[in-house]
file data19.cif (mmCIF, C-alpha atoms and all ligand atoms)
data_protein
loop_
_atom_site.label_atom_id
_atom_site.label_comp_id
_atom_site.auth_asym_id
_atom_site.auth_seq_id
_atom_site.Cartn_x
_atom_site.Cartn_y
_atom_site.Cartn_z
CA MET A 21 88.61 -64.76 2.07
CA THR A 22 86.33 -61.74 2.16
CA GLN A 23 82.60 -61.46 2.02
CA GLY A 24 82.98 -59.39 -1.14
CA ALA A 25 84.87 -62.20 -2.81
CA GLN A 26 82.04 -64.56 -1.91
CA ALA A 27 79.26 -62.33 -3.23
CA ARG A 28 78.01 -63.67 -6.51
CA PRO A 29 75.32 -63.32 -9.12
CA GLY A 30 72.19 -65.32 -8.53
CA ARG A 31 72.43 -67.79 -11.40
CA ARG A 32 74.94 -70.10 -9.82
CA THR A 33 73.65 -73.51 -8.97
CA VAL A 34 74.60 -75.96 -6.30
CA LEU A 35 77.52 -77.83 -7.75
CA GLY A 36 76.41 -81.19 -8.99
CA ALA A 37 73.22 -81.24 -6.95
CA ALA A 38 71.66 -83.74 -9.31
CA ALA A 39 74.83 -85.81 -9.53
CA LEU A 40 75.25 -85.78 -5.77
CA GLY A 41 71.61 -86.65 -5.40
CA ALA A 42 72.04 -89.57 -7.76
CA ALA A 43 75.14 -90.72 -5.89
CA ALA A 44 73.30 -90.46 -2.62
CA ALA A 45 70.34 -92.29 -4.13
CA GLY A 46 72.70 -95.12 -4.94
CA ALA A 47 73.69 -95.15 -1.30
CA GLY A 48 70.18 -95.07 0.00
CA GLY A 49 68.13 -92.65 -2.11
CA ALA A 50 67.86 -88.88 -2.35
CA ALA A 51 64.34 -88.04 -3.46
CA GLY A 52 63.89 -84.31 -3.77
CA THR A 53 67.56 -83.42 -3.57
CA ALA A 54 68.02 -82.46 -7.20
CA HIS A 55 64.98 -80.20 -7.13
CA ALA A 56 65.83 -78.28 -4.02
CA ALA A 57 68.19 -75.69 -5.51
CA ALA A 58 65.85 -74.96 -8.40
CA ASP A 59 63.03 -74.35 -5.93
CA ARG A 60 65.06 -71.78 -3.99
CA PRO A 61 63.28 -68.41 -3.63
CA ALA A 62 64.53 -65.59 -5.90
CA ARG A 63 67.62 -64.07 -4.40
CA ARG A 64 69.99 -61.39 -5.60
CA GLY A 65 69.08 -57.78 -6.05
CA ARG A 66 66.13 -57.95 -3.67
CA GLY A 67 68.05 -56.38 -0.80
CA GLY A 68 68.85 -57.46 2.73
CA TYR A 69 69.37 -61.14 3.45
CA ARG A 70 68.53 -62.15 -0.11
CA ASP A 71 71.81 -60.59 -1.22
CA LEU A 72 73.97 -62.57 1.19
CA PRO A 73 76.47 -64.96 -0.37
CA TYR A 74 75.11 -68.41 -1.10
CA PRO A 75 75.48 -70.75 0.67
CA THR A 76 75.72 -68.46 3.67
CA VAL A 77 78.28 -69.41 6.31
CA ILE A 78 77.12 -68.51 9.82
CA ALA A 79 79.74 -68.55 12.54
CA HIS A 80 78.05 -70.48 15.36
CA ARG A 81 78.76 -68.57 18.59
CA GLY A 82 81.66 -66.96 16.67
CA ALA A 83 84.58 -69.08 15.51
CA SER A 84 83.85 -71.32 18.48
CA GLY A 85 85.93 -74.17 17.09
CA TYR A 86 89.01 -72.09 17.79
CA ARG A 87 88.18 -69.68 20.62
CA PRO A 88 85.93 -69.76 23.70
CA GLU A 89 82.42 -69.23 22.36
CA HIS A 90 80.53 -65.95 22.55
CA THR A 91 83.56 -63.76 23.15
CA ILE A 92 84.66 -60.77 21.14
CA GLY A 93 87.72 -62.88 20.32
CA ALA A 94 85.54 -65.61 18.80
CA TYR A 95 83.45 -63.09 16.86
CA GLN A 96 86.53 -61.22 15.61
CA LEU A 97 88.23 -64.38 14.39
CA ALA A 98 85.07 -65.46 12.59
CA LEU A 99 84.82 -62.10 10.85
CA ASP A 100 88.52 -62.10 9.97
CA MET A 101 88.10 -65.57 8.48
CA GLY A 102 85.37 -64.14 6.24
CA ALA A 103 82.26 -65.58 7.88
CA HIS A 104 79.19 -64.07 6.28
CA VAL A 105 77.16 -63.87 9.50
CA ILE A 106 78.15 -64.04 13.20
CA GLU A 107 75.77 -65.64 15.72
CA GLN A 108 74.87 -64.49 19.24
CA ASP A 109 72.71 -66.29 21.82
CA LEU A 110 71.06 -63.83 24.20
CA VAL A 111 70.11 -64.12 27.88
CA PRO A 112 69.41 -61.32 30.40
CA THR A 113 71.15 -60.12 33.53
CA ARG A 114 69.19 -59.36 36.71
CA ASP A 115 69.07 -55.71 35.70
CA GLY A 116 67.76 -56.51 32.23
CA HIS A 117 70.86 -56.21 30.03
CA LEU A 118 71.17 -58.70 27.19
CA VAL A 119 74.41 -60.66 27.27
CA CYS A 120 75.83 -63.24 24.88
CA ARG A 121 75.73 -66.75 26.39
CA HIS A 122 74.30 -69.98 25.06
CA GLU A 123 72.78 -70.76 28.46
CA ASN A 124 71.74 -68.65 31.39
CA ASP A 125 73.71 -71.24 33.41
CA ILE A 126 77.23 -69.82 33.14
CA THR A 127 78.99 -72.55 35.11
CA GLY A 128 80.60 -74.14 32.07
CA THR A 129 81.61 -71.07 30.08
CA THR A 130 82.93 -68.65 32.72
CA ASP A 131 85.20 -68.73 35.75
CA VAL A 132 82.29 -67.97 38.10
CA ALA A 133 83.11 -71.06 40.22
CA ASP A 134 86.47 -69.47 41.05
CA HIS A 135 84.82 -66.38 42.58
CA PRO A 136 84.22 -66.96 46.30
CA GLU A 137 82.14 -63.78 46.49
CA PHE A 138 79.55 -65.51 44.28
CA ALA A 139 79.65 -68.96 45.93
CA ALA A 140 76.26 -68.42 47.58
CA ARG A 141 74.63 -67.68 44.22
CA ARG A 142 74.98 -71.32 43.17
CA THR A 143 71.48 -72.69 43.06
CA THR A 144 69.13 -75.21 41.46
CA LYS A 145 66.45 -74.06 39.02
CA THR A 146 64.06 -75.58 36.56
CA VAL A 147 64.50 -74.02 33.13
CA ASP A 148 62.08 -75.11 30.41
CA GLY A 149 61.22 -78.19 32.44
CA THR A 150 64.81 -79.23 33.11
CA SER A 151 66.37 -79.04 36.56
CA MET A 152 69.86 -77.58 36.59
CA THR A 153 72.34 -76.53 39.24
CA GLY A 154 74.83 -73.73 38.76
CA TRP A 155 75.14 -69.98 38.49
CA PHE A 156 72.62 -68.09 36.35
CA THR A 157 72.87 -64.79 34.52
CA GLU A 158 69.50 -63.59 35.85
CA ASP A 159 70.98 -63.64 39.38
CA PHE A 160 73.82 -61.26 38.45
CA THR A 161 73.83 -57.56 37.66
CA LEU A 162 75.76 -56.57 34.60
CA ALA A 163 78.41 -54.98 36.82
CA GLU A 164 78.86 -58.31 38.63
CA LEU A 165 78.90 -60.30 35.41
CA ARG A 166 81.61 -58.06 34.05
CA THR A 167 83.99 -59.33 36.75
CA LEU A 168 83.87 -62.84 35.23
CA ARG A 169 86.04 -64.18 32.40
CA ALA A 170 84.95 -66.52 29.64
CA LYS A 171 86.43 -69.98 29.17
CA GLU A 172 86.27 -72.88 26.73
CA ARG A 173 83.04 -74.92 27.00
CA ILE A 174 84.45 -78.28 25.84
CA PRO A 175 88.12 -78.40 26.87
CA GLY A 176 88.17 -82.18 26.43
CA VAL A 177 87.34 -81.85 22.74
CA ARG A 178 89.15 -78.57 22.13
CA PRO A 179 92.06 -78.45 24.59
CA ASP A 180 93.99 -75.91 22.51
CA ASN A 181 91.21 -73.37 23.00
CA THR A 182 91.91 -73.26 26.74
CA LEU A 183 94.94 -71.16 25.81
CA TYR A 184 92.44 -68.29 25.60
CA ASP A 185 90.61 -68.98 28.87
CA GLY A 186 90.31 -65.78 30.86
CA ARG A 187 91.24 -63.49 27.98
CA TRP A 188 87.76 -62.08 27.33
CA THR A 189 84.71 -61.03 29.33
CA VAL A 190 81.09 -61.95 28.64
CA PRO A 191 80.01 -59.42 25.99
CA THR A 192 76.75 -57.56 26.09
CA PHE A 193 74.75 -57.51 22.88
CA GLU A 194 75.22 -53.75 22.83
CA GLU A 195 78.99 -54.23 22.85
CA VAL A 196 78.60 -56.59 19.91
CA LEU A 197 76.48 -54.06 18.03
CA LYS A 198 79.15 -51.40 18.60
CA TRP A 199 81.86 -53.82 17.54
CA ALA A 200 79.90 -54.74 14.40
CA ASP A 201 79.39 -51.06 13.54
CA ARG A 202 83.09 -50.36 14.02
CA GLU A 203 84.17 -53.34 11.95
CA GLY A 204 81.56 -52.52 9.32
CA ARG A 205 82.90 -48.98 8.90
CA ARG A 206 86.45 -50.30 8.72
CA ARG A 207 85.53 -52.86 6.04
CA GLY A 208 83.09 -50.71 4.12
CA ARG A 209 80.27 -53.24 4.38
CA PRO A 210 77.84 -54.27 7.10
CA VAL A 211 78.73 -56.99 9.55
CA TRP A 212 75.80 -59.42 9.68
CA LEU A 213 74.59 -60.78 13.01
CA HIS A 214 72.21 -63.67 13.85
CA ALA A 215 70.76 -63.10 17.34
CA GLU A 216 68.81 -65.79 19.21
CA THR A 217 66.44 -65.20 22.10
CA LYS A 218 67.11 -67.99 24.63
CA HIS A 219 64.33 -69.28 26.90
CA PRO A 220 62.07 -66.29 26.14
CA THR A 221 58.98 -67.65 27.94
CA TYR A 222 60.99 -68.56 31.04
CA PHE A 223 62.52 -65.08 31.22
CA ARG A 224 59.23 -63.29 30.57
CA LYS A 225 57.72 -65.06 33.57
CA LEU A 226 60.59 -63.64 35.64
CA GLY A 227 59.79 -60.13 34.40
CA LEU A 228 62.83 -60.19 32.11
CA GLY A 229 61.22 -60.30 28.67
CA LEU A 230 63.93 -60.42 26.00
CA GLU A 231 62.13 -59.03 22.98
CA GLU A 232 61.54 -55.43 24.08
CA PRO A 233 65.15 -54.68 25.07
CA LEU A 234 66.32 -56.47 21.94
CA ALA A 235 64.05 -54.32 19.78
CA ARG A 236 65.26 -51.16 21.55
CA LEU A 237 68.88 -52.06 20.82
CA LEU A 238 68.11 -52.90 17.20
CA ARG A 239 66.41 -49.53 16.75
CA ARG A 240 69.25 -47.68 18.49
CA TYR A 241 71.82 -49.24 16.18
CA GLY A 242 69.74 -49.00 13.00
CA ARG A 243 69.12 -52.73 12.62
CA ASP A 244 65.34 -52.79 12.91
CA GLY A 245 64.41 -52.57 9.20
CA ARG A 246 63.49 -55.40 6.87
CA ASP A 247 66.83 -55.09 5.06
CA ALA A 248 68.86 -54.66 8.25
CA PRO A 249 72.01 -56.82 8.49
CA VAL A 250 70.67 -59.02 11.25
CA PHE A 251 68.61 -62.18 11.61
CA LEU A 252 66.53 -62.83 14.71
CA GLN A 253 65.97 -66.44 15.74
CA SER A 254 64.30 -68.51 18.42
CA PHE A 255 63.18 -72.06 19.20
CA GLU A 256 59.97 -70.49 20.53
CA PRO A 257 57.73 -69.31 17.68
CA SER A 258 55.90 -66.83 19.93
CA SER A 259 59.18 -64.98 20.45
CA MET A 260 59.51 -64.44 16.70
CA GLN A 261 55.85 -63.42 16.49
CA ARG A 262 56.52 -60.88 19.23
CA MET A 263 59.63 -59.60 17.42
CA ALA A 264 57.55 -59.27 14.24
CA ARG A 265 55.31 -56.81 16.07
CA LEU A 266 58.31 -54.79 17.28
CA VAL A 267 60.74 -54.63 14.34
CA ASP A 268 60.94 -55.61 10.67
CA ALA A 269 64.32 -57.37 10.77
CA PRO A 270 64.18 -60.90 9.26
CA ARG A 271 63.18 -63.75 11.56
CA VAL A 272 64.10 -67.44 11.64
CA VAL A 273 62.19 -70.10 13.59
CA LEU A 274 64.53 -72.74 14.96
CA LEU A 275 63.36 -76.35 14.83
CA SER A 276 64.72 -79.09 17.04
CA GLY A 277 63.96 -82.80 16.59
CA ALA A 278 60.61 -83.76 15.03
CA GLY A 279 59.29 -85.22 18.27
CA THR A 280 60.04 -82.16 20.37
CA ARG A 281 57.65 -79.37 21.32
CA PRO A 282 58.67 -75.72 21.55
CA TRP A 283 58.62 -74.67 25.20
CA ASP A 284 56.15 -71.83 24.60
CA PHE A 285 53.75 -74.40 23.10
CA THR A 286 54.11 -76.54 26.22
CA GLU A 287 53.39 -73.56 28.47
CA ALA A 288 50.39 -72.55 26.35
CA GLY A 289 48.95 -76.06 26.11
CA ASP A 290 49.51 -76.11 22.35
CA PRO A 291 49.90 -79.78 21.41
CA ARG A 292 51.81 -79.18 18.18
CA THR A 293 55.31 -80.57 17.84
CA VAL A 294 58.09 -79.80 15.37
CA ALA A 295 56.67 -82.61 13.23
CA ASP A 296 53.54 -80.47 12.83
CA LEU A 297 55.56 -77.34 12.03
CA ILE A 298 57.42 -78.95 9.13
CA THR A 299 54.24 -79.99 7.34
CA PRO A 300 53.11 -77.73 4.47
CA ALA A 301 50.48 -76.22 6.77
CA GLY A 302 53.02 -75.71 9.55
CA LEU A 303 55.50 -74.05 7.21
CA LYS A 304 52.76 -71.82 5.81
CA TRP A 305 51.99 -70.73 9.37
CA ILE A 306 55.67 -69.96 10.03
CA ALA A 307 55.87 -68.00 6.78
CA SER A 308 53.11 -65.71 8.05
CA TYR A 309 55.56 -64.11 10.51
CA ALA A 310 59.07 -65.31 9.64
CA GLN A 311 61.40 -65.39 6.66
CA GLY A 312 63.20 -68.62 7.43
CA ILE A 313 63.63 -71.75 9.47
CA GLY A 314 66.68 -73.05 11.29
CA PRO A 315 66.20 -76.83 11.45
CA THR A 316 68.53 -79.27 13.09
CA LEU A 317 70.52 -80.91 10.28
CA ASP A 318 68.75 -84.19 10.99
CA LEU A 319 65.52 -82.68 9.67
CA VAL A 320 67.29 -82.06 6.34
CA ILE A 321 69.05 -85.42 6.09
CA PRO A 322 68.12 -87.91 8.81
CA LYS A 323 70.68 -90.40 10.07
CA GLY A 324 70.06 -94.12 10.06
CA PRO A 325 70.46 -96.38 13.09
CA ASP A 326 74.13 -96.70 12.16
CA GLY A 327 74.61 -92.93 12.44
CA ARG A 328 75.20 -92.54 8.71
CA LEU A 329 73.38 -89.99 6.57
CA GLY A 330 70.27 -91.37 4.95
CA THR A 331 67.79 -89.97 2.45
CA PRO A 332 67.15 -86.20 2.39
CA THR A 333 63.68 -85.18 3.43
CA THR A 334 61.54 -82.82 1.38
CA LEU A 335 61.95 -80.03 3.96
CA VAL A 336 64.16 -77.83 1.76
CA ARG A 337 61.73 -78.01 -1.13
CA ASP A 338 58.69 -77.57 1.09
CA ALA A 339 60.14 -74.55 2.92
CA HIS A 340 61.35 -72.88 -0.28
CA ARG A 341 57.92 -73.28 -1.82
CA ARG A 342 56.57 -71.15 1.03
CA GLY A 343 59.29 -68.56 0.56
CA LEU A 344 61.26 -69.62 3.63
CA ILE A 345 65.04 -69.81 3.62
CA LEU A 346 66.82 -72.55 5.59
CA HIS A 347 69.72 -72.05 8.01
CA PRO A 348 70.27 -75.51 9.54
CA TYR A 349 72.58 -76.13 12.51
CA THR A 350 75.37 -77.16 13.33
CA LEU A 351 78.28 -78.64 11.37
CA ARG A 352 81.62 -79.05 13.15
CA ASN A 353 84.93 -80.45 11.98
CA GLU A 354 85.51 -82.98 14.76
CA ASN A 355 84.70 -86.66 14.26
CA THR A 356 82.59 -86.76 17.40
CA PHE A 357 80.07 -84.35 15.87
CA LEU A 358 80.02 -85.78 12.34
CA PRO A 359 77.71 -88.38 10.81
CA ALA A 360 79.31 -91.81 11.07
CA ASP A 361 80.06 -92.03 7.35
CA PHE A 362 82.26 -88.92 7.55
CA ARG A 363 84.38 -89.85 10.56
CA ARG A 364 87.99 -90.57 9.70
CA ASP A 365 90.43 -92.96 11.32
CA ARG A 366 93.68 -91.50 12.61
CA ASP A 367 96.22 -93.24 10.37
CA THR A 368 97.40 -96.72 9.50
CA THR A 369 99.70 -96.99 12.53
CA THR A 370 97.14 -95.81 15.08
CA PRO A 371 93.94 -97.72 14.49
CA GLY A 372 90.60 -96.31 15.51
CA THR A 373 88.97 -92.92 15.26
CA ASP A 374 90.11 -89.98 17.39
CA PRO A 375 86.79 -88.42 18.40
CA ASN A 376 88.43 -85.02 18.66
CA GLY A 377 90.30 -85.26 15.37
CA TYR A 378 88.89 -83.77 12.19
CA GLY A 379 86.79 -86.00 9.95
CA ASP A 380 85.80 -85.63 6.30
CA VAL A 381 83.73 -82.55 6.99
CA PHE A 382 83.99 -81.45 3.35
CA GLY A 383 82.20 -84.65 2.36
CA ALA A 384 79.46 -83.86 4.86
CA TYR A 385 79.16 -80.30 3.54
CA ARG A 386 78.74 -81.64 0.01
CA ARG A 387 75.80 -83.75 1.10
CA TYR A 388 74.10 -80.96 3.02
CA PHE A 389 74.74 -78.22 0.43
CA ALA A 390 73.42 -80.51 -2.31
CA THR A 391 69.99 -80.33 -0.69
CA GLY A 392 69.77 -76.63 -1.53
CA ILE A 393 69.94 -75.22 2.00
CA ASP A 394 70.58 -71.47 2.00
CA GLY A 395 73.18 -71.41 4.74
CA ILE A 396 74.58 -73.34 7.64
CA PHE A 397 75.76 -72.76 11.19
CA THR A 398 79.27 -73.96 11.86
CA ASP A 399 81.85 -73.70 14.65
CA HIS A 400 84.59 -73.63 11.97
CA PRO A 401 83.76 -70.83 9.52
CA ASP A 402 87.02 -71.10 7.58
CA THR A 403 86.25 -74.70 6.68
CA GLY A 404 82.64 -73.79 5.92
CA LEU A 405 83.75 -71.02 3.56
CA LEU A 406 85.97 -73.38 1.59
CA ALA A 407 83.11 -75.86 1.36
CA ALA A 408 80.71 -73.10 0.29
CA ALA A 409 83.11 -72.02 -2.46
CA ASP A 410 83.31 -75.63 -3.64
CA ALA A 411 79.53 -75.89 -3.67
CA VAL A 412 78.76 -73.23 -6.26
CA GLN A 413 79.58 -72.83 -9.91
CA ASP A 414 78.78 -70.24 -12.52
O1 LIG B 1 70.72 -71.01 16.69
C1 LIG B 1 71.16 -71.98 15.79
C2 LIG B 1 71.82 -72.97 16.64
O2 LIG B 1 72.76 -72.26 17.37
C3 LIG B 1 70.81 -73.60 17.52
O3 LIG B 1 71.41 -74.36 18.44
O4 LIG B 1 71.59 -74.74 20.82
O5 LIG B 1 73.56 -73.94 19.52
O6 LIG B 1 71.70 -72.41 20.04
P1 LIG B 1 72.09 -73.81 19.76
CA CA B 2 71.99 -70.44 18.78
#

call {"tool": "encode", "arguments": {"input": "data19.cif", "output": "structure tokens"}}
result
Amino acid sequence: MTQGAQARPGRRTVLGAAALGAAAAGAGGAAGTAHAAADRPARRGRGGYRDLPYPTVIAHRGASGYRPEHTIGAYQLALDMGAHVIEQDLVPTRDGHLVCRHENDITGTTDVADHPEFAARRTTKTVDGTSMTGWFTEDFTLAELRTLRAKERIPGVRPDNTLYDGRWTVPTFEEVLKWADREGRRRGRPVWLHAETKHPTYFRKLGLGLEEPLARLLRRYGRDGRDAPVFLQSFEPSSMQRMARLVDAPRVVLLSGAGTRPWDFTEAGDPRTVADLITPAGLKWIASYAQGIGPTLDLVIPKGPDGRLGTPTTLVRDAHRRGLILHPYTLRNENTFLPADFRRDRDTTTPGTDPNGYGDVFGAYRRYFATGIDGIFTDHPDTGLLAAADAVQD
């Protein structure tokens, strides 16, 4: 499936949003669901991200359900599957290069522990208030990091992916930009990226601010304009405010659980929590420097004590009313990651649910897409694309 095949005029509606809302209401209520799609900001023909296919499928760390995350192999597979946007998480090396890792602790996603020459680099640090022991990107030069090989993060859940352990290095963001340019020329259309600054306050205090080198790279590769094929994202609002002063590329503020506080707020003594940011006033504040939010899926449809999806919140409607798009995270095929009502038992002869087996993820997509979200992060972009195609109608 290609991105071109997914592109569509703007009058499609979420398939059966009202009907799905009514069905959900019968199972616990769905106030606001049927209104969400209608409230969506105007889309097609306005350029840049507004012209992306809807709903937009964002390959979370690449096609990380099938390949070790944040490798060129994972990004390539996602693109070949037809993912609309490919995500990178960014952390720095000691010499200030941006590399693609979800954490600066690279113990779980590289073979660093097998390198005796780096044994003494193992250390304990406090990152954003959490103590962790391992090997950290900021203690390695890029040349040193290049000697490592990437491996599967969750081999217990995804044992087949270990087949690819050691095949790829840790990519720099510049390598990804070059790869995206190359693939874009080959395909005759831009390859969209979604780049997240990780722990920006922590790194700035180390003298390794992320935003300036990121802006330099975006300018060098022509992705700094408002219609550039890239989203910038962070859990720390001040990082997106800083990026807004450096480049015009669209920005997304990530939102964790309602009771959590962004780390930059904690450092600055700002008492606001995510609960404050998802109020109308909080969303208005975000809209003053960002184009979207990336909430955890639980902020869109909370789960009950039984782990089953409950009643959608008004977040989609409230964000759309302030012109913000929504890219919630993260939907995965495996039972262990799905809401309880979408886990599937193995078969009649083997009772019980295999946590690593696939559940009814299409059912979960239907519920989430019915809220009117603009896109979604997923480890399995091929599945997400099928669900996205199901979700729209002319
Ligand atoms: O950036 C969207 C999503 O990836 C946020 O979660 O922790 O996987 O970066 P995380
Ligand atoms: Ca991310």

call {"tool": "residues_near_ligand", "arguments": {"input": "data19.cif", "ligand": "ligand CA 2 (chain B)", "cutoff": "9 Å", "atoms": "all atoms listed in the file", "output": "list in words"}}
result
His80, Arg81, Glu107, Gln108, Asp109, Leu110, His122, His214, Ala215, Glu216, Thr217, Lys218, Gln253, Ser254, Phe255, Leu274, Tyr349 and Phe397 of chain A

call {"tool": "closest_residue", "arguments": {"input": "data19.cif", "among": "A:Val77, A:Leu405, A:Val132, A:Val273", "to": "ligand LIG 1 (chain B)", "atoms": "only C-alpha atoms and all ligand atoms"}}
result
A:Val273

call {"tool": "atom_distance", "arguments": {"input": "data19.cif", "atom1": "atom CA of A:Gly149", "atom2": "atom CA of A:Trp283"}}
result
8.5 Å

call {"tool": "closest_residue", "arguments": {"input": "data19.cif", "among": "A:Arg205, A:Arg265, A:His347, A:His90", "to": "ligand LIG 1 (chain B)", "atoms": "only C-alpha atoms and all ligand atoms"}}
result
A:His347

call {"tool": "atom_distance", "arguments": {"input": "data19.cif", "atom1": "atom CA of A:Gly379", "atom2": "atom CA of A:Leu358"}}
result
7.2 Å

call {"tool": "axis_aligned_box", "arguments": {"input": "data19.cif", "around": "ligand LIG 1 (chain B)", "padding_each_side": "3 Å", "output": "lines of an AutoDock Vina configuration file"}}
result
center_x = 72.1
center_y = -72.9
center_z = 18.3
size_x = 8.8
size_y = 9.7
size_z = 11.0

call {"tool": "closest_residue", "arguments": {"input": "data19.cif", "among": "A:Leu162, A:Leu346, A:Leu406, A:Leu266", "to": "ligand LIG 1 (chain B)", "atoms": "only C-alpha atoms and all ligand atoms"}}
result
A:Leu346

call {"tool": "closest_residue", "arguments": {"input": "data19.cif", "among": "A:Arg169, A:Arg202, A:Arg271, A:Arg243", "to": "ligand LIG 1 (chain B)", "atoms": "only C-alpha atoms and all ligand atoms"}}
result
A:Arg271

call {"tool": "closest_residue", "arguments": {"input": "data19.cif", "among": "A:Ala409, A:Leu228, A:Leu317, A:Leu238", "to": "ligand LIG 1 (chain B)", "atoms": "only C-alpha atoms and all ligand atoms"}}
result
A:Leu317

call {"tool": "closest_residue", "arguments": {"input": "data19.cif", "among": "A:Pro210, A:Gly372, A:Gly395, A:Gly314", "to": "ligand LIG 1 (chain B)", "atoms": "only C-alpha atoms and all ligand atoms"}}
result
A:Gly314

call {"tool": "residues_around", "arguments": {"input": "data19.cif", "residues": "A:Ala170", "least_positions_apart": "4", "cutoff": "7 Å", "atoms": "all atoms listed in the file", "output": "count of residues only"}}
result
9

call {"tool": "residues_near_point", "arguments": {"input": "data19.cif", "point": "(90.8, -70.9, 7.0)", "cutoff": "10 Å", "atoms": "all atoms listed in the file", "output": "number ranges by chain"}}
result
A: 21, 98, 100-102, 400-406

call {"tool": "residues_around", "arguments": {"input": "data19.cif", "residues": "A:Ala307", "least_positions_apart": "3", "cutoff": "7 Å", "atoms": "all atoms listed in the file", "output": "PDB file with C-alpha atoms, in the frame of the given file"}}
result
ATOM      1  CA  LEU A 303      55.500 -74.050   7.210  1.00  0.00           C
ATOM      2  CA  LYS A 304      52.760 -71.820   5.810  1.00  0.00           C
ATOM      3  CA  ALA A 310      59.070 -65.310   9.640  1.00  0.00           C
ATOM      4  CA  GLN A 311      61.400 -65.390   6.660  1.00  0.00           C
ATOM      5  CA  ARG A 342      56.570 -71.150   1.030  1.00  0.00           C
ATOM      6  CA  LEU A 344      61.260 -69.620   3.630  1.00  0.00           C
TER       7      LEU A 344
END

call {"tool": "atom_distance", "arguments": {"input": "data19.cif", "atom1": "atom CA of A:Asp361", "atom2": "atom CA of A:Phe389"}}
result
16.3 Å

call {"tool": "residues_around", "arguments": {"input": "data19.cif", "residues": "A:Gly277", "least_positions_apart": "5", "cutoff": "10 Å", "atoms": "all atoms listed in the file", "output": "MDAnalysis selection string"}}
result
chainID A and resid 293:295 315:319

call {"tool": "residues_around", "arguments": {"input": "data19.cif", "residues": "A:Thr76", "least_positions_apart": "2", "cutoff": "12 Å", "atoms": "only C-alpha atoms", "output": "PDB file with C-alpha atoms, in the frame of the given file"}}
result
ATOM      1  CA  GLN A  23      82.600 -61.460   2.020  1.00  0.00           C
ATOM      2  CA  GLN A  26      82.040 -64.560  -1.910  1.00  0.00           C
ATOM      3  CA  ALA A  27      79.260 -62.330  -3.230  1.00  0.00           C
ATOM      4  CA  ARG A  28      78.010 -63.670  -6.510  1.00  0.00           C
ATOM      5  CA  TYR A  69      69.370 -61.140   3.450  1.00  0.00           C
ATOM      6  CA  ARG A  70      68.530 -62.150  -0.110  1.00  0.00           C
ATOM      7  CA  ASP A  71      71.810 -60.590  -1.220  1.00  0.00           C
ATOM      8  CA  LEU A  72      73.970 -62.570   1.190  1.00  0.00           C
ATOM      9  CA  PRO A  73      76.470 -64.960  -0.370  1.00  0.00           C
ATOM     10  CA  TYR A  74      75.110 -68.410  -1.100  1.00  0.00           C
ATOM     11  CA  ILE A  78      77.120 -68.510   9.820  1.00  0.00           C
ATOM     12  CA  ALA A  79      79.740 -68.550  12.540  1.00  0.00           C
ATOM     13  CA  GLY A 102      85.370 -64.140   6.240  1.00  0.00           C
ATOM     14  CA  ALA A 103      82.260 -65.580   7.880  1.00  0.00           C
ATOM     15  CA  HIS A 104      79.190 -64.070   6.280  1.00  0.00           C
ATOM     16  CA  VAL A 105      77.160 -63.870   9.500  1.00  0.00           C
ATOM     17  CA  ILE A 106      78.150 -64.040  13.200  1.00  0.00           C
ATOM     18  CA  TRP A 212      75.800 -59.420   9.680  1.00  0.00           C
ATOM     19  CA  HIS A 214      72.210 -63.670  13.850  1.00  0.00           C
ATOM     20  CA  ILE A 345      65.040 -69.810   3.620  1.00  0.00           C
ATOM     21  CA  LEU A 346      66.820 -72.550   5.590  1.00  0.00           C
ATOM     22  CA  HIS A 347      69.720 -72.050   8.010  1.00  0.00           C
ATOM     23  CA  PRO A 348      70.270 -75.510   9.540  1.00  0.00           C
ATOM     24  CA  PHE A 389      74.740 -78.220   0.430  1.00  0.00           C
ATOM     25  CA  GLY A 392      69.770 -76.630  -1.530  1.00  0.00           C
ATOM     26  CA  ILE A 393      69.940 -75.220   2.000  1.00  0.00           C
ATOM     27  CA  ASP A 394      70.580 -71.470   2.000  1.00  0.00           C
ATOM     28  CA  GLY A 395      73.180 -71.410   4.740  1.00  0.00           C
ATOM     29  CA  ILE A 396      74.580 -73.340   7.640  1.00  0.00           C
ATOM     30  CA  PHE A 397      75.760 -72.760  11.190  1.00  0.00           C
ATOM     31  CA  THR A 398      79.270 -73.960  11.860  1.00  0.00           C
ATOM     32  CA  PRO A 401      83.760 -70.830   9.520  1.00  0.00           C
ATOM     33  CA  GLY A 404      82.640 -73.790   5.920  1.00  0.00           C
ATOM     34  CA  LEU A 405      83.750 -71.020   3.560  1.00  0.00           C
ATOM     35  CA  LEU A 406      85.970 -73.380   1.590  1.00  0.00           C
ATOM     36  CA  ALA A 407      83.110 -75.860   1.360  1.00  0.00           C
ATOM     37  CA  ALA A 408      80.710 -73.100   0.290  1.00  0.00           C
ATOM     38  CA  ALA A 409      83.110 -72.020  -2.460  1.00  0.00           C
ATOM     39  CA  ALA A 411      79.530 -75.890  -3.670  1.00  0.00           C
ATOM     40  CA  VAL A 412      78.760 -73.230  -6.260  1.00  0.00           C
TER      41      VAL A 412
END
